[in-house]
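Asker: Input my_file.cif, format and content: mmCIF, C-alpha atoms and all ligand atoms.
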```
data_coords
loop_
_atom_site.group_PDB
_atom_site.id
_atom_site.type_symbol
_atom_site.label_atom_id
_atom_site.label_comp_id
_atom_site.auth_asym_id
_atom_site.auth_seq_id
_atom_site.Cartn_x
_atom_site.Cartn_y
_atom_site.Cartn_z
ATOM 1 C CA MET A 151 -40.169 -15.798 55.819
ATOM 2 C CA GLU A 152 -37.119 -17.950 55.322
ATOM 3 C CA LYS A 153 -36.786 -21.273 57.072
ATOM 4 C CA ASN A 154 -33.187 -21.538 58.234
ATOM 5 C CA THR A 155 -33.030 -21.822 62.012
ATOM 6 C CA HIS A 156 -36.715 -22.816 62.418
ATOM 7 C CA MET A 157 -36.882 -20.521 65.424
ATOM 8 C CA ILE A 158 -38.802 -17.321 66.198
ATOM 9 C CA LEU A 159 -37.927 -15.113 69.151
ATOM 10 C CA ALA A 160 -40.897 -13.862 71.220
ATOM 11 C CA LEU A 161 -39.667 -10.499 72.454
ATOM 12 C CA ASP A 162 -42.053 -9.841 75.344
ATOM 13 C CA ILE A 163 -40.024 -7.292 77.207
ATOM 14 C CA THR A 164 -41.016 -3.742 77.875
ATOM 15 C CA ASP A 165 -37.755 -1.832 77.726
ATOM 16 C CA ARG A 166 -36.786 -0.541 74.271
ATOM 17 C CA GLU A 167 -33.009 -0.598 74.798
ATOM 18 C CA GLU A 168 -33.087 -4.093 76.264
ATOM 19 C CA ALA A 169 -35.317 -5.329 73.435
ATOM 20 C CA LEU A 170 -32.950 -3.971 70.793
ATOM 21 C CA LYS A 171 -29.936 -5.379 72.614
ATOM 22 C CA ILE A 172 -31.442 -8.868 72.733
ATOM 23 C CA ALA A 173 -32.451 -8.632 69.067
ATOM 24 C CA GLU A 174 -28.896 -7.694 68.146
ATOM 25 C CA ASP A 175 -27.557 -10.520 70.304
ATOM 26 C CA VAL A 176 -29.669 -13.357 68.935
ATOM 27 C CA TRP A 177 -30.838 -12.389 65.431
ATOM 28 C CA GLU A 178 -28.482 -14.852 63.749
ATOM 29 C CA PHE A 179 -30.221 -17.754 65.520
ATOM 30 C CA VAL A 180 -33.791 -16.813 64.620
ATOM 31 C CA ASP A 181 -35.745 -16.485 61.363
ATOM 32 C CA ALA A 182 -38.110 -13.841 62.771
ATOM 33 C CA ILE A 183 -38.911 -11.821 65.862
ATOM 34 C CA LYS A 184 -42.445 -11.870 67.248
ATOM 35 C CA VAL A 185 -43.661 -8.756 69.043
ATOM 36 C CA GLY A 186 -46.914 -8.290 70.903
ATOM 37 C CA TYR A 187 -48.778 -6.064 73.307
ATOM 38 C CA PRO A 188 -46.113 -5.933 76.078
ATOM 39 C CA LEU A 189 -43.390 -4.445 73.860
ATOM 40 C CA ILE A 190 -45.623 -2.355 71.560
ATOM 41 C CA LEU A 191 -47.710 -0.835 74.353
ATOM 42 C CA ALA A 192 -44.543 0.035 76.260
ATOM 43 C CA THR A 193 -42.471 1.431 73.405
ATOM 44 C CA GLY A 194 -44.811 2.240 70.514
ATOM 45 C CA LEU A 195 -45.403 0.811 67.052
ATOM 46 C CA GLY A 196 -42.111 2.291 65.792
ATOM 47 C CA ILE A 197 -40.225 -0.582 67.444
ATOM 48 C CA ILE A 198 -41.402 -2.831 64.588
ATOM 49 C CA ARG A 199 -39.331 -0.928 62.036
ATOM 50 C CA GLU A 200 -36.321 -0.874 64.362
ATOM 51 C CA LEU A 201 -36.484 -4.647 64.838
ATOM 52 C CA ALA A 202 -37.096 -5.216 61.136
ATOM 53 C CA GLU A 203 -33.478 -4.113 60.636
ATOM 54 C CA PHE A 204 -32.510 -7.486 62.128
ATOM 55 C CA THR A 205 -35.158 -9.981 60.979
ATOM 56 C CA PRO A 206 -38.733 -10.109 59.667
ATOM 57 C CA VAL A 207 -41.197 -9.092 62.390
ATOM 58 C CA ILE A 208 -44.410 -10.919 63.266
ATOM 59 C CA ALA A 209 -47.013 -8.755 65.012
ATOM 60 C CA ASP A 210 -48.811 -10.919 67.565
ATOM 61 C CA PHE A 211 -51.948 -8.890 68.181
ATOM 62 C CA LYS A 212 -54.180 -11.985 68.061
ATOM 63 C CA VAL A 213 -56.557 -9.877 66.022
ATOM 64 C CA ALA A 214 -60.102 -10.882 67.022
ATOM 65 C CA ASP A 215 -62.744 -8.384 65.967
ATOM 66 C CA ILE A 216 -65.383 -7.708 63.339
ATOM 67 C CA PRO A 217 -64.089 -7.573 59.760
ATOM 68 C CA ASN A 218 -63.979 -3.767 59.537
ATOM 69 C CA THR A 219 -61.972 -3.403 62.752
ATOM 70 C CA ASN A 220 -59.661 -6.259 61.734
ATOM 71 C CA ARG A 221 -59.026 -4.445 58.456
ATOM 72 C CA LEU A 222 -58.125 -1.230 60.285
ATOM 73 C CA ILE A 223 -55.793 -3.064 62.696
ATOM 74 C CA CYS A 224 -54.002 -4.990 59.938
ATOM 75 C CA ASP A 225 -53.527 -1.806 57.927
ATOM 76 C CA GLN A 226 -51.726 -0.205 60.878
ATOM 77 C CA VAL A 227 -49.605 -3.287 61.496
ATOM 78 C CA PHE A 228 -48.386 -3.609 57.898
ATOM 79 C CA GLU A 229 -47.940 0.143 57.484
ATOM 80 C CA ALA A 230 -45.643 -0.069 60.535
ATOM 81 C CA GLY A 231 -43.412 -2.566 58.733
ATOM 82 C CA ALA A 232 -44.519 -5.965 60.037
ATOM 83 C CA ASP A 233 -44.084 -8.984 57.777
ATOM 84 C CA ALA A 234 -46.924 -10.943 59.285
ATOM 85 C CA VAL A 235 -49.802 -10.596 61.697
ATOM 86 C CA ILE A 236 -51.305 -13.178 64.042
ATOM 87 C CA ALA A 237 -55.110 -13.348 64.101
ATOM 88 C CA GLN A 238 -57.520 -15.449 66.116
ATOM 89 C CA GLY A 239 -59.588 -17.931 64.149
ATOM 90 C CA PHE A 240 -62.571 -18.232 66.472
ATOM 91 C CA THR A 241 -64.080 -14.944 65.265
ATOM 92 C CA GLY A 242 -65.037 -16.679 62.030
ATOM 93 C CA ARG A 243 -64.407 -16.672 58.313
ATOM 94 C CA ASP A 244 -65.416 -13.087 57.504
ATOM 95 C CA SER A 245 -63.131 -11.678 60.195
ATOM 96 C CA LEU A 246 -60.236 -13.796 58.974
ATOM 97 C CA ASP A 247 -60.962 -12.900 55.337
ATOM 98 C CA ALA A 248 -60.551 -9.223 56.274
ATOM 99 C CA CYS A 249 -57.046 -9.895 57.647
ATOM 100 C CA VAL A 250 -56.043 -11.977 54.628
ATOM 101 C CA GLU A 251 -57.399 -9.308 52.269
ATOM 102 C CA ILE A 252 -55.274 -6.540 53.833
ATOM 103 C CA ALA A 253 -52.221 -8.794 54.135
ATOM 104 C CA SER A 254 -52.404 -9.640 50.447
ATOM 105 C CA GLU A 255 -52.633 -5.944 49.549
ATOM 106 C CA TYR A 256 -49.280 -5.506 51.299
ATOM 107 C CA ARG A 257 -47.983 -8.916 50.100
ATOM 108 C CA LYS A 258 -47.634 -9.960 53.732
ATOM 109 C CA ASP A 259 -48.770 -12.974 55.744
ATOM 110 C CA VAL A 260 -51.416 -13.991 58.263
ATOM 111 C CA PHE A 261 -50.990 -16.682 60.898
ATOM 112 C CA VAL A 262 -54.151 -17.986 62.560
ATOM 113 C CA VAL A 263 -54.292 -19.275 66.138
ATOM 114 C CA SER A 264 -55.945 -22.677 66.144
ATOM 115 C CA GLU A 265 -55.454 -23.659 69.788
ATOM 116 C CA MET A 266 -53.450 -21.881 72.462
ATOM 117 C CA SER A 267 -50.548 -23.436 74.323
ATOM 118 C CA HIS A 268 -51.467 -22.717 77.945
ATOM 119 C CA PRO A 269 -53.638 -25.199 79.919
ATOM 120 C CA GLY A 270 -56.746 -23.059 79.359
ATOM 121 C CA GLY A 271 -56.210 -23.408 75.616
ATOM 122 C CA ALA A 272 -57.729 -26.863 75.936
ATOM 123 C CA ASP A 273 -60.964 -25.547 77.512
ATOM 124 C CA PHE A 274 -62.717 -23.841 74.616
ATOM 125 C CA MET A 275 -60.281 -23.689 71.724
ATOM 126 C CA GLN A 276 -59.118 -27.292 71.423
ATOM 127 C CA PRO A 277 -62.574 -28.633 70.458
ATOM 128 C CA VAL A 278 -62.742 -26.206 67.510
ATOM 129 C CA ALA A 279 -59.043 -26.166 66.558
ATOM 130 C CA GLU A 280 -59.384 -28.567 63.645
ATOM 131 C CA ALA A 281 -62.276 -26.590 62.150
ATOM 132 C CA ILE A 282 -60.205 -23.405 62.532
ATOM 133 C CA ALA A 283 -57.298 -25.084 60.745
ATOM 134 C CA LYS A 284 -59.572 -26.045 57.824
ATOM 135 C CA MET A 285 -60.956 -22.516 57.676
ATOM 136 C CA ALA A 286 -57.454 -21.009 57.648
ATOM 137 C CA LEU A 287 -56.559 -23.282 54.748
ATOM 138 C CA GLU A 288 -59.640 -22.242 52.753
ATOM 139 C CA ALA A 289 -59.150 -18.552 53.579
ATOM 140 C CA GLY A 290 -55.603 -18.529 52.196
ATOM 141 C CA ALA A 291 -53.732 -17.828 55.420
ATOM 142 C CA PHE A 292 -49.983 -18.447 55.473
ATOM 143 C CA GLY A 293 -49.895 -20.506 58.609
ATOM 144 C CA LEU A 294 -51.284 -21.621 61.938
ATOM 145 C CA VAL A 295 -50.236 -21.149 65.539
ATOM 146 C CA ALA A 296 -50.378 -24.529 67.309
ATOM 147 C CA PRO A 297 -49.180 -25.534 70.799
ATOM 148 C CA ALA A 298 -45.662 -26.838 71.444
ATOM 149 C CA THR A 299 -46.989 -27.949 74.826
ATOM 150 C CA ARG A 300 -49.082 -30.594 72.994
ATOM 151 C CA PRO A 301 -46.985 -32.005 70.122
ATOM 152 C CA GLU A 302 -49.711 -34.574 69.404
ATOM 153 C CA ARG A 303 -52.040 -31.674 68.548
ATOM 154 C CA VAL A 304 -49.443 -30.208 66.194
ATOM 155 C CA LYS A 305 -49.262 -33.607 64.501
ATOM 156 C CA LYS A 306 -53.047 -33.662 64.124
ATOM 157 C CA ILE A 307 -53.148 -30.138 62.696
ATOM 158 C CA ARG A 308 -50.322 -31.003 60.266
ATOM 159 C CA LYS A 309 -52.393 -33.946 59.018
ATOM 160 C CA ILE A 310 -55.317 -31.637 58.297
ATOM 161 C CA ILE A 311 -53.370 -28.941 56.447
ATOM 162 C CA GLY A 312 -50.744 -31.135 54.763
ATOM 163 C CA ASP A 313 -47.919 -28.966 53.508
ATOM 164 C CA LYS A 314 -50.220 -26.212 52.272
ATOM 165 C CA LEU A 315 -49.838 -24.094 55.410
ATOM 166 C CA THR A 316 -46.974 -23.499 57.806
ATOM 167 C CA ILE A 317 -47.109 -24.046 61.570
ATOM 168 C CA ILE A 318 -45.471 -21.803 64.158
ATOM 169 C CA SER A 319 -45.470 -23.242 67.643
ATOM 170 C CA PRO A 320 -45.174 -21.431 70.983
ATOM 171 C CA GLY A 321 -44.782 -23.071 74.366
ATOM 172 C CA VAL A 322 -41.159 -24.220 74.225
ATOM 173 C CA GLY A 323 -39.091 -23.951 77.401
ATOM 174 C CA ALA A 324 -40.903 -21.835 79.987
ATOM 175 C CA GLN A 325 -44.268 -23.492 79.213
ATOM 176 C CA GLY A 326 -42.779 -26.976 79.195
ATOM 177 C CA GLY A 327 -42.573 -27.893 75.498
ATOM 178 C CA ARG A 328 -39.417 -29.198 73.808
ATOM 179 C CA ALA A 329 -38.240 -27.679 70.532
ATOM 180 C CA SER A 330 -37.133 -31.011 69.043
ATOM 181 C CA ASP A 331 -40.450 -32.721 69.907
ATOM 182 C CA VAL A 332 -42.570 -30.112 68.195
ATOM 183 C CA ILE A 333 -40.334 -29.923 65.110
ATOM 184 C CA ALA A 334 -40.615 -33.738 64.917
ATOM 185 C CA ALA A 335 -44.416 -33.355 65.196
ATOM 186 C CA GLY A 336 -44.491 -31.136 62.117
ATOM 187 C CA ALA A 337 -43.962 -27.512 63.182
ATOM 188 C CA ASP A 338 -42.007 -25.305 60.783
ATOM 189 C CA TRP A 339 -40.870 -22.886 63.462
ATOM 190 C CA VAL A 340 -40.841 -22.919 67.247
ATOM 191 C CA ILE A 341 -41.505 -19.677 69.096
ATOM 192 C CA VAL A 342 -39.307 -19.101 72.145
ATOM 193 C CA GLY A 343 -39.557 -16.190 74.552
ATOM 194 C CA ARG A 344 -38.522 -16.383 78.202
ATOM 195 C CA SER A 345 -36.045 -19.241 77.757
ATOM 196 C CA ILE A 346 -34.012 -16.849 75.636
ATOM 197 C CA TYR A 347 -34.666 -13.311 76.839
ATOM 198 C CA LYS A 348 -34.597 -14.223 80.532
ATOM 199 C CA ALA A 349 -31.476 -16.373 80.214
ATOM 200 C CA LYS A 350 -28.266 -15.089 81.749
ATOM 201 C CA PHE A 351 -26.705 -15.360 78.289
ATOM 202 C CA PRO A 352 -29.502 -15.008 75.715
ATOM 203 C CA LYS A 353 -27.212 -15.645 72.770
ATOM 204 C CA GLU A 354 -25.997 -18.924 74.264
ATOM 205 C CA ALA A 355 -29.569 -19.972 75.090
ATOM 206 C CA ALA A 356 -30.645 -19.242 71.515
ATOM 207 C CA ARG A 357 -27.663 -21.117 70.107
ATOM 208 C CA GLN A 358 -28.492 -24.191 72.194
ATOM 209 C CA ILE A 359 -32.119 -24.359 71.069
ATOM 210 C CA ALA A 360 -31.086 -23.746 67.461
ATOM 211 C CA GLU A 361 -28.652 -26.668 67.730
ATOM 212 C CA GLU A 362 -31.304 -28.926 69.255
ATOM 213 C CA ILE A 363 -33.557 -28.129 66.270
ATOM 214 C CA GLN A 364 -30.793 -28.772 63.718
ATOM 215 C CA ASP A 365 -29.978 -32.114 65.384
ATOM 216 C CA GLU A 366 -33.632 -33.117 65.150
ATOM 217 C CA ILE A 367 -33.855 -32.141 61.483
ATOM 218 C CA ARG A 368 -30.651 -33.953 60.562
ATOM 219 C CA GLY A 369 -31.929 -37.017 62.469
HETATM 220 N N1 LIG A 401 -48.222 -17.421 72.571
HETATM 221 C C1 LIG A 401 -48.252 -18.525 73.387
HETATM 222 N N2 LIG A 401 -49.234 -19.446 73.178
HETATM 223 C C2 LIG A 401 -50.171 -19.326 72.214
HETATM 224 C C3 LIG A 401 -50.139 -18.206 71.387
HETATM 225 C C4 LIG A 401 -49.146 -17.276 71.587
HETATM 226 O O1 LIG A 401 -47.417 -18.699 74.279
HETATM 227 O O2 LIG A 401 -51.000 -20.217 72.079
HETATM 228 C C5 LIG A 401 -47.171 -16.393 72.706
HETATM 229 C C6 LIG A 401 -47.078 -15.733 74.059
HETATM 230 O O3 LIG A 401 -47.918 -14.594 74.118
HETATM 231 C C7 LIG A 401 -45.609 -15.352 74.080
HETATM 232 C C8 LIG A 401 -44.923 -16.484 73.341
HETATM 233 O O4 LIG A 401 -45.416 -14.173 73.327
HETATM 234 O O5 LIG A 401 -45.899 -16.990 72.451
HETATM 235 C C9 LIG A 401 -44.382 -17.592 74.224
HETATM 236 O O6 LIG A 401 -43.474 -17.058 75.137
HETATM 237 P P1 LIG A 401 -42.662 -17.959 76.211
HETATM 238 O O7 LIG A 401 -43.647 -18.805 76.924
HETATM 239 O O8 LIG A 401 -41.659 -18.767 75.412
HETATM 240 O O9 LIG A 401 -42.012 -16.931 77.090
#
```
Output the file's structure in the form of structure tokens.
Answerer:
Amino acid sequence: MEKNTHMILALDITDREEALKIAEDVWEFVDAIKVGYPLILATGLGIIRELAEFTPVIADFKVADIPNTNRLICDQVFEAGADAVIAQGFTGRDSLDACVEIASEYRKDVFVVSEMSHPGGADFMQPVAEAIAKMALEAGAFGLVAPATRPERVKKIRKIIGDKLTIISPGVGAQGGRASDVIAAGADWVIVGRSIYKAKFPKEAARQIAEEIQDEIRG
């Protein structure tokens, strides 16, 4: 995945035409599009290949099962044309190894959720987030998902992984995080959903966040 705009669009809408229209509108401001259950359940797995015409696609299935099931899920995801899959880390090393094994067969990537961005993410996940980050590093994942709503946690995770793994960070805008803060804290990409796809002018909204990120990077 190239790092140009440092932004990933979370396309959590359930109408195929609208999803494709937004992708066409904003692709130049994002390095990837993240799809998950809302869009895939509504429109089918084929939407991944359609969106891959615009940018690399990250499949956010938060894969969290036994190794054999994880293997079967990842196979489907990469066969469908995704460039990366998001897996949970709390299921343990063998489950994560299964995702990394399939991803490497396809020469694709795995991101591992260390701690989620909503308030409840602090309840059970935060206390184990650093151990999950270490595990993801040892397992050969490509990156971590860490919360833009808590830039200090992104900073902490960055310290643990150094520059060996990437960080993608959801929680910007609708959940209260600021793109520039989380880029300053060490995220490689911010993930933005509602602030773009619910905006009156999605392209303008994407442009503004992209500019905020570039200003932060340039200092
Ligand atoms: N997401 C989070 N927090 C996490 C992990 C994933 O928000 O810890 C996902 C959501 O499922 C959604 C996107 O797809 O990132 C954020 O969307 P929004 O809040 O910008 O609309």
Asker: With a distance cut-off of 12 Å and only C-alpha atoms, select the neighbouring residues of Arg368 (chain A), excluding the residue or stretch itself and same-chain residues fewer than 5 positions from it, and output the selection as number ranges by chain.
Answerer: A: 330, 333-334, 361-363
Asker: Hey, can you spit out that residue selection with C-alpha atoms as a compact mmCIF listing (two decimals), in the coordinates of the input?
Answerer:
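The resulting again26.txt:
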```
# COMPACT_ATOMS: atom_id res chain seq x y z
CA SER A 330 -37.13 -31.01 69.04
CA ILE A 333 -40.33 -29.92 65.11
CA ALA A 334 -40.62 -33.74 64.92
CA GLU A 361 -28.65 -26.67 67.73
CA GLU A 362 -31.30 -28.93 69.26
CA ILE A 363 -33.56 -28.13 66.27
```
Asker: At a cut-off of 8 Å, using all atoms listed in the file, what residues contact Ala356 (chain A)? Leave out same-chain residues fewer than 4 positions from it and give the result as a list in words.
Answerer: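 Neighbouring residues, sequence-local ones excluded: Val176, Phe179, Val180, Ile346, Pro352 and Ala360 of chain A.
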Asker: Around all of ligand LIG 401 (chain A)'s listed atoms, make the axis-aligned box with 8 Å on each side and tell me centre and edge lengths in Å to one decimal, as JSON.
Answerer:
```
{"center_x": -46.3, "center_y": -17.2, "center_z": 74.2, "size_x": 25.3, "size_y": 22.0, "size_z": 21.7}
```
Asker: Give the residue list for ligand LIG 401 (chain A) at 8 Å, counting only C-alpha atoms and all ligand atoms, as a ChimeraX atom specification, sorted by chain and then by residue number.
Answerer: /A:160-162,184-186,210,263,265-268,271,295-297,319-325,341-346
Asker: Find the residues around Asp165 (chain A) up to 9 Å (all atoms listed in the file counted), leave out those fewer than 6 positions away in its own chain, and share them as number ranges by chain.
Answerer: A: 189, 192-193
Asker: Starting from the displayed file, determine the output of the PyMOL selection byres (((chain A and resi 306) around 12) and not hetatm) and express the residue list as a list in words.
Answerer: Ser264, Glu265, Gln276, Ala279, Glu280, Ala281, Ala283, Lys284, Ala296, Pro297, Arg300, Pro301, Glu302, Arg303, Val304, Lys305, Ile307, Arg308, Lys309, Ile310, Ile311, Gly312, Ile317, Val332, Ala335, Gly336 and Ala337 of chain A
Asker: Could you please determine the separation between CA of Thr241 (chain A) and CA of Phe292 (chain A) in Å, to one decimal place?
Answerer: 17.5 Å
Asker: Using only C-alpha atoms, pick whichever of A:Met275, A:Leu246, A:Ile367, A:Ile252 has the shortest atom-to-atom distance to Leu287 (chain A).
Answerer: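 Nearest candidate to Leu287 (chain A) out of A:Met275, A:Leu246, A:Ile367, A:Ile252: A:Leu246.
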Asker: Any chance you could resolve the PyMOL selection byres (((chain A and resi 183) around 9) and not hetatm) against this file and give the residues as a ChimeraX atom specification?
Answerer: /A:157-161,173,177,180-182,184-185,201-202,204-209,341
Asker: Pick out the closest residue to Trp339 (chain A) from this set: A:Gly194, A:Glu174, A:Ala298, A:Cys224. Count all atoms listed in the file.
Answerer: A:Ala298
Asker: Please identify all polymer residues lying at most 8 Å from the point (-62.0, -6.7, 53.2) (file coordinates), using all atoms listed in the file, and present the result as a list of chain:residue names.
Answerer: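 Every residue inside that radius is included here: A:Pro217, A:Asn218, A:Arg221, A:Asp247, A:Ala248, A:Cys249, A:Glu251, A:Ile252.
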Asker: Could you jot down the CA of Gly327 (chain A) to CA of Phe274 (chain A) separation for me, Å, one decimal place?
Answerer: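 For CA of Gly327 (chain A) relative to CA of Phe274 (chain A), the distance reads 20.6 Å.
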Asker: One decimal, in Å: what's the spacing between CA of Val340 (chain A) and CA of Thr155 (chain A)?
Answerer: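 According to the coordinates, CA of Val340 (chain A) and CA of Thr155 (chain A) are separated by 9.5 Å.
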Asker: Within 6 Å of (-50.8, -16.4, 60.3), in the coordinates the file gives, what residues turn up when you count all atoms listed in the file, written out as number ranges by chain?
Answerer: A: 236, 260-262, 291-294
Asker: Pull C-alpha atoms from the residues just selected and write them as a PDB file, in the coordinates of the input.
Answerer:
```pdb
ATOM      1  CA  ILE A 236     -51.305 -13.178  64.042  1.00  0.00           C
ATOM      2  CA  VAL A 260     -51.416 -13.991  58.263  1.00  0.00           C
ATOM      3  CA  PHE A 261     -50.990 -16.682  60.898  1.00  0.00           C
ATOM      4  CA  VAL A 262     -54.151 -17.986  62.560  1.00  0.00           C
ATOM      5  CA  ALA A 291     -53.732 -17.828  55.420  1.00  0.00           C
ATOM      6  CA  PHE A 292     -49.983 -18.447  55.473  1.00  0.00           C
ATOM      7  CA  GLY A 293     -49.895 -20.506  58.609  1.00  0.00           C
ATOM      8  CA  LEU A 294     -51.284 -21.621  61.938  1.00  0.00           C
TER       9      LEU A 294
END
```
Asker: Quick check on the file I pasted: which residues fall under the PyMOL selection byres (((chain A and resi 238) around 6) and not hetatm)? Write them as a ChimeraX atom specification.
Answerer: /A:212-214,237,239-240,262-263
Asker: Between A:Glu152, A:Asp244, A:Glu203, A:Asp175, which has the minimum distance to Thr316 (chain A) (counting all atoms listed in the file)?
Answerer: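 For Thr316 (chain A), the nearest of the candidates is A:Glu152.
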Asker: Which is closest to Glu168 (chain A) among A:Ile223, A:Gly270, A:Lys258, A:Ile197, if we use all atoms listed in the file?
Answerer: A:Ile197
Asker: Measuring atom to atom with all atoms listed in the file, identify which of A:Gln358, A:Arg257, A:Gly326, A:Ile172 is nearest to Pro269 (chain A).
Answerer: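 Distance minimum relative to Pro269 (chain A) lands on A:Gly326.
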Asker: What's around Ala253 (chain A) at 9 Å? Count all atoms listed in the file, leave out sequence neighbours fewer than 6 positions away in its own chain, and write the answer as a list in words.
Answerer: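 Contacts, with the query itself left out: Cys224, Asp225, Phe228, Asp233, Ala234, Val235, Asp259 and Val260 of chain A.
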